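Text of the file my_file-v8.cif, holding mmCIF, C-alpha atoms:
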data_work
loop_
_atom_site.label_atom_id
_atom_site.label_comp_id
_atom_site.auth_asym_id
_atom_site.auth_seq_id
_atom_site.Cartn_x
_atom_site.Cartn_y
_atom_site.Cartn_z
CA MET A 1 -47.96 33.06 11.91
CA SER A 2 -45.96 31.50 14.70
CA GLN A 3 -45.97 27.73 14.78
CA THR A 4 -43.27 25.28 15.77
CA VAL A 5 -41.89 23.52 12.71
CA VAL A 6 -41.15 19.82 13.16
CA VAL A 7 -39.92 17.68 10.28
CA GLU A 8 -39.83 13.93 10.85
CA PRO A 9 -38.51 10.99 8.84
CA TYR A 10 -41.08 9.35 6.56
CA ASN A 11 -43.76 7.45 8.48
CA PRO A 12 -45.72 4.74 6.63
CA GLU A 13 -48.67 5.48 8.93
CA TRP A 14 -49.28 8.68 6.94
CA ALA A 15 -50.65 6.64 4.02
CA SER A 16 -53.00 4.78 6.39
CA GLN A 17 -54.10 8.04 8.00
CA PHE A 18 -54.89 9.47 4.57
CA LEU A 19 -57.02 6.43 3.71
CA GLU A 20 -58.95 6.66 6.98
CA ILE A 21 -59.72 10.33 6.40
CA LYS A 22 -60.56 9.72 2.74
CA ASN A 23 -62.97 6.96 3.72
CA LEU A 24 -64.68 9.37 6.11
CA LEU A 25 -64.87 12.16 3.50
CA TRP A 26 -65.80 10.27 0.35
CA PRO A 27 -69.40 9.35 1.23
CA ALA A 28 -70.12 13.03 1.95
CA VAL A 29 -68.65 14.38 -1.30
CA SER A 30 -68.85 11.47 -3.76
CA GLU A 31 -71.77 12.99 -5.68
CA ILE A 32 -69.89 16.25 -6.34
CA ALA A 33 -66.18 15.38 -6.22
CA VAL A 34 -63.98 13.93 -8.92
CA SER A 35 -61.53 12.34 -6.45
CA ILE A 36 -59.65 12.80 -3.21
CA GLU A 37 -55.84 12.97 -3.44
CA HIS A 38 -53.09 12.56 -0.87
CA VAL A 39 -50.70 15.42 -1.62
CA GLY A 40 -47.84 17.15 0.14
CA SER A 41 -44.73 15.57 1.58
CA THR A 42 -46.53 12.88 3.59
CA SER A 43 -47.73 11.43 0.26
CA VAL A 44 -44.19 10.69 -0.94
CA VAL A 45 -42.73 7.43 0.35
CA GLY A 46 -39.33 8.07 1.90
CA LEU A 47 -39.70 11.86 2.20
CA ALA A 48 -39.27 13.61 5.52
CA ALA A 49 -42.27 15.78 6.36
CA LYS A 50 -44.17 17.72 8.94
CA PRO A 51 -46.49 15.05 10.43
CA VAL A 52 -49.61 16.59 8.91
CA VAL A 53 -51.40 14.82 6.05
CA ASP A 54 -52.37 17.13 3.17
CA ILE A 55 -55.55 16.21 1.31
CA ASP A 56 -57.15 17.72 -1.79
CA ILE A 57 -60.77 17.06 -2.63
CA ILE A 58 -61.02 17.67 -6.36
CA ILE A 59 -64.24 19.12 -7.67
CA PRO A 60 -65.14 19.60 -11.36
CA ASP A 61 -65.44 23.39 -11.02
CA VAL A 62 -66.38 26.15 -8.59
CA SER A 63 -70.08 25.72 -9.32
CA VAL A 64 -70.21 22.87 -6.77
CA LEU A 65 -68.05 24.57 -4.12
CA SER A 66 -71.03 25.67 -2.02
CA ARG A 67 -72.29 22.07 -1.96
CA ALA A 68 -68.83 20.85 -0.90
CA ILE A 69 -68.76 23.43 1.90
CA LEU A 70 -72.19 22.27 3.09
CA GLN A 71 -71.30 18.57 2.96
CA LEU A 72 -68.01 19.10 4.80
CA SER A 73 -69.72 21.24 7.46
CA LYS A 74 -71.93 18.23 8.23
CA LEU A 75 -68.73 16.35 9.09
CA GLY A 76 -67.56 19.13 11.40
CA TYR A 77 -65.29 21.01 8.97
CA GLU A 78 -65.08 24.79 9.11
CA HIS A 79 -64.56 26.57 5.78
CA ARG A 80 -61.63 28.97 6.14
CA GLY A 81 -61.61 30.52 2.68
CA ASN A 82 -58.67 30.39 0.31
CA LEU A 83 -56.15 31.77 2.83
CA GLY A 84 -54.59 33.80 0.02
CA ILE A 85 -54.16 30.90 -2.42
CA VAL A 86 -56.45 31.20 -5.44
CA GLY A 87 -58.06 27.91 -6.48
CA ARG A 88 -57.69 26.23 -3.10
CA GLU A 89 -60.31 26.45 -0.37
CA ALA A 90 -59.11 25.44 3.11
CA PHE A 91 -61.04 23.57 5.80
CA ARG A 92 -60.37 22.77 9.45
CA ALA A 93 -61.82 19.77 11.27
CA SER A 94 -63.40 20.44 14.65
CA GLN A 95 -62.50 16.92 15.84
CA PRO A 96 -59.81 15.60 13.47
CA LEU A 97 -59.37 11.88 13.12
CA HIS A 98 -55.67 12.58 12.38
CA LYS A 99 -53.71 15.79 12.00
CA HIS A 100 -54.40 17.01 8.47
CA ASN A 101 -54.93 19.94 6.15
CA LEU A 102 -57.97 19.68 3.91
CA TYR A 103 -58.45 21.62 0.70
CA VAL A 104 -61.10 21.67 -1.99
CA CYS A 105 -59.73 22.47 -5.44
CA PRO A 106 -61.40 22.72 -8.85
CA GLU A 107 -59.74 20.26 -11.20
CA ASP A 108 -58.48 23.06 -13.45
CA SER A 109 -56.89 25.09 -10.63
CA ILE A 110 -53.20 25.93 -10.68
CA SER A 111 -53.01 25.09 -6.95
CA LEU A 112 -54.12 21.52 -7.59
CA ARG A 113 -51.78 21.16 -10.57
CA ASN A 114 -48.90 22.38 -8.38
CA HIS A 115 -49.70 19.88 -5.62
CA LEU A 116 -49.93 16.95 -8.04
CA CYS A 117 -46.90 17.94 -10.11
CA LEU A 118 -44.61 18.32 -7.09
CA ARG A 119 -45.89 15.09 -5.51
CA ASP A 120 -45.46 13.09 -8.70
CA ALA A 121 -42.00 14.54 -9.44
CA LEU A 122 -40.78 13.66 -5.95
CA ARG A 123 -42.29 10.16 -6.13
CA ALA A 124 -40.55 9.53 -9.45
CA ASN A 125 -37.10 10.82 -8.52
CA PRO A 126 -35.44 9.59 -5.29
CA ALA A 127 -32.50 12.01 -5.68
CA LEU A 128 -34.88 14.96 -5.96
CA ARG A 129 -36.88 13.63 -2.99
CA ASP A 130 -33.72 13.37 -0.88
CA GLU A 131 -32.59 16.86 -1.90
CA TYR A 132 -35.95 18.22 -0.78
CA ALA A 133 -35.74 16.32 2.52
CA ALA A 134 -32.33 17.87 3.25
CA ILE A 135 -33.73 21.35 2.54
CA LYS A 136 -36.72 20.70 4.81
CA TYR A 137 -34.53 19.50 7.71
CA ARG A 138 -32.21 22.50 7.34
CA LEU A 139 -35.10 24.98 7.23
CA ALA A 140 -36.90 23.34 10.17
CA ALA A 141 -33.76 23.74 12.26
CA LYS A 142 -33.24 27.34 11.14
CA PHE A 143 -36.88 28.46 11.42
CA LYS A 144 -38.21 26.14 14.11
CA ASN A 145 -40.59 28.84 15.37
CA SER A 146 -41.75 30.27 12.05
CA ILE A 147 -43.83 28.21 9.64
CA ASP A 148 -43.99 31.21 7.28
CA ASP A 149 -40.20 31.47 6.95
CA TYR A 150 -39.97 27.69 6.58
CA ILE A 151 -42.47 27.77 3.70
CA GLU A 152 -40.73 30.69 2.04
CA GLY A 153 -37.40 28.88 2.36
CA LYS A 154 -38.73 25.89 0.39
CA THR A 155 -40.06 28.05 -2.42
CA GLU A 156 -37.00 28.18 -4.71
CA PHE A 157 -36.76 24.39 -4.71
CA ILE A 158 -40.47 24.03 -5.50
CA LEU A 159 -40.24 26.63 -8.27
CA LYS A 160 -37.29 24.78 -9.79
CA VAL A 161 -39.25 21.52 -9.89
CA LEU A 162 -42.30 23.21 -11.40
CA ARG A 163 -40.14 25.11 -13.93
CA ASP A 164 -38.56 21.81 -14.97
CA HIS A 165 -42.08 20.48 -15.55
CA GLY A 166 -43.13 23.27 -17.90
CA TYR A 167 -44.59 25.92 -15.63
CA GLY A 168 -44.35 29.40 -17.13
CA PRO A 169 -43.07 32.63 -15.58
CA ASP A 170 -46.53 33.96 -14.64
CA SER A 171 -47.52 30.81 -12.75
CA LEU A 172 -44.15 30.60 -11.03
CA GLU A 173 -44.29 34.25 -9.95
CA ALA A 174 -47.78 33.77 -8.50
CA ILE A 175 -46.53 30.77 -6.50
CA ARG A 176 -43.46 32.67 -5.32
CA ILE A 177 -45.60 35.59 -4.11
CA ALA A 178 -48.08 33.27 -2.35
CA ASN A 179 -45.22 31.62 -0.44
CA LEU A 180 -43.60 34.84 0.82
CA ALA A 181 -43.51 35.16 4.60
CA PRO A 182 -45.49 38.15 5.86
CA LYS A 183 -43.18 41.02 6.75
#
Rewrite the structure of this file - the entire thing - as structure tokens.
Amino acid sequence: MSQTVVVEPYNPEWASQFLEIKNLLWPAVSEIAVSIEHVGSTSVVGLAAKPVVDIDIIIPDVSVLSRAILQLSKLGYEHRGNLGIVGREAFRASQPLHKHNLYVCPEDSISLRNHLCLRDALRANPALRDEYAAIKYRLAAKFKNSIDDYIEGKTEFILKVLRDHGYGPDSLEAIRIANLAPK
């Protein structure tokens, strides 16, 4: 996939953008969702990021996924499938309020656990956050026209953080494979 990669210094507006989108989404999914979480780099104060807010709607299990798809379609979201990531269903807004990625994840999914673990580790450790920012800037400069290579380049850092937080070899290998750039 070819997409220009832009990494910007932390913008406090990202938190406000998340809240605006959450407030739009919550009434539509409140009867089936557990919560809505701001994840990804824009959710970590002080972390450089691509200016795209990542949002996870957490559902209790896949039995309510079809209802989530229906409710989100009423808000103009297109269901895009899991895009190769098990336990994470992607959606695209037809008329986005702000630039964002929206996912629906069962609360027991490894994808959700990864998002929350990485976010919380970076929030808790400024040195780790700054190390990640430096990697992101370097990769954005190196792969400015390839989002896939940028993502693959971040993988070893992410795996290190997850390994340090108790993730086992099978989970880490699945994440590594999911983040490989198509060849």
Can you list every residue of stretch 3-56 of chain A that has an atom at most 10 Å from stretch 105-119 of chain A, with its nearest atom pair and the distance in Å to one decimal, using all atoms listed in the file, ordered by chain then number, as CSV?
residue,atom,partner,partner_atom,distance
A:Ala33,CA,A:Pro106,CA,9.1
A:Val34,CA,A:Glu107,CA,8.0
A:Ser35,CA,A:Glu107,CA,9.4
A:Ile36,CA,A:Cys105,CA,9.9
A:Glu37,CA,A:Leu116,CA,8.5
A:His38,CA,A:Arg119,CA,8.9
A:Val39,CA,A:His115,CA,6.1
A:Gly40,CA,A:Arg119,CA,6.3
A:Ser41,CA,A:Arg119,CA,7.2
A:Thr42,CA,A:Arg119,CA,9.4
A:Ser43,CA,A:Arg119,CA,7.1
A:Val44,CA,A:Arg119,CA,6.6
A:Asp54,CA,A:His115,CA,9.6
A:Ile55,CA,A:His115,CA,9.8
A:Asp56,CA,A:Cys105,CA,6.5
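Closest approach to A:Ile69 from the set A:Ile85, A:Asn101, A:Ala28, A:Thr155 is made by A:Ala28, with distances taken over all atoms listed in the file.
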Go ahead and fit an axis-aligned box to every listed atom of stretch 82-94 of chain A plus 6 Å each side, and pass me the centre and edge lengths in Å, one decimal, as lines of an AutoDock Vina configuration file.
center_x = -58.8
center_y = 26.8
center_z = 4.1
size_x = 21.2
size_y = 26.0
size_z = 33.1
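Shortest separation to A:Ala48 among A:Glu131, A:Asp148, A:Asp120, A:Glu8 occurs at residue A:Glu8, atoms counted being all atoms listed in the file.
Proximity to A:Glu31 was assessed for A:Gln71, A:Asn145, A:Ser63, A:Ser16 counting only C-alpha atoms; the smallest distance is recorded for A:Gln71.
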### Message
Report, in Å to a single decimal, how far apart atom CA of A:Asn179 and atom CA of A:Glu13 are.
### Response
28.0 Å
### Task
Spell out the residues picked by the PyMOL selection byres ((chain A and resi 91) around 12) here, as a ChimeraX atom specification.
/A:54-57,68-73,75-83,88-90,92-94,96,100-105
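Computed from the coordinates, the atom CA of A:Phe18 to atom CA of A:Val45 distance equals 13.0 Å.
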### Summary
One residue among A:Gly46, A:Pro182, A:Gly153, A:Gly87 is nearest to A:Asp61 when using all atoms listed in the file, and that residue is A:Gly87
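Counting all atoms listed in the file, the residue from A:Ser66, A:Leu47, A:Ser146, A:Pro9 that sits nearest to A:Pro126 is A:Leu47.
Across the structure, atom CA of A:Ala134 and atom CA of A:Ala174 are spaced 25.1 Å apart.
Comparing A:Ala140, A:Ile151, A:Ala15, A:Ile158 by their smallest distance to A:Leu122, the closest is A:Ile158 (using all atoms listed in the file).
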#### Entry: 10 Å contact set for A:Arg176, only C-alpha atoms, chain neighbours under 3 positions out, as a list in words
Glu152, Thr155, Glu156, Ile158, Leu159, Asp170, Ser171, Leu172, Glu173, Asn179 and Leu180 of chain A
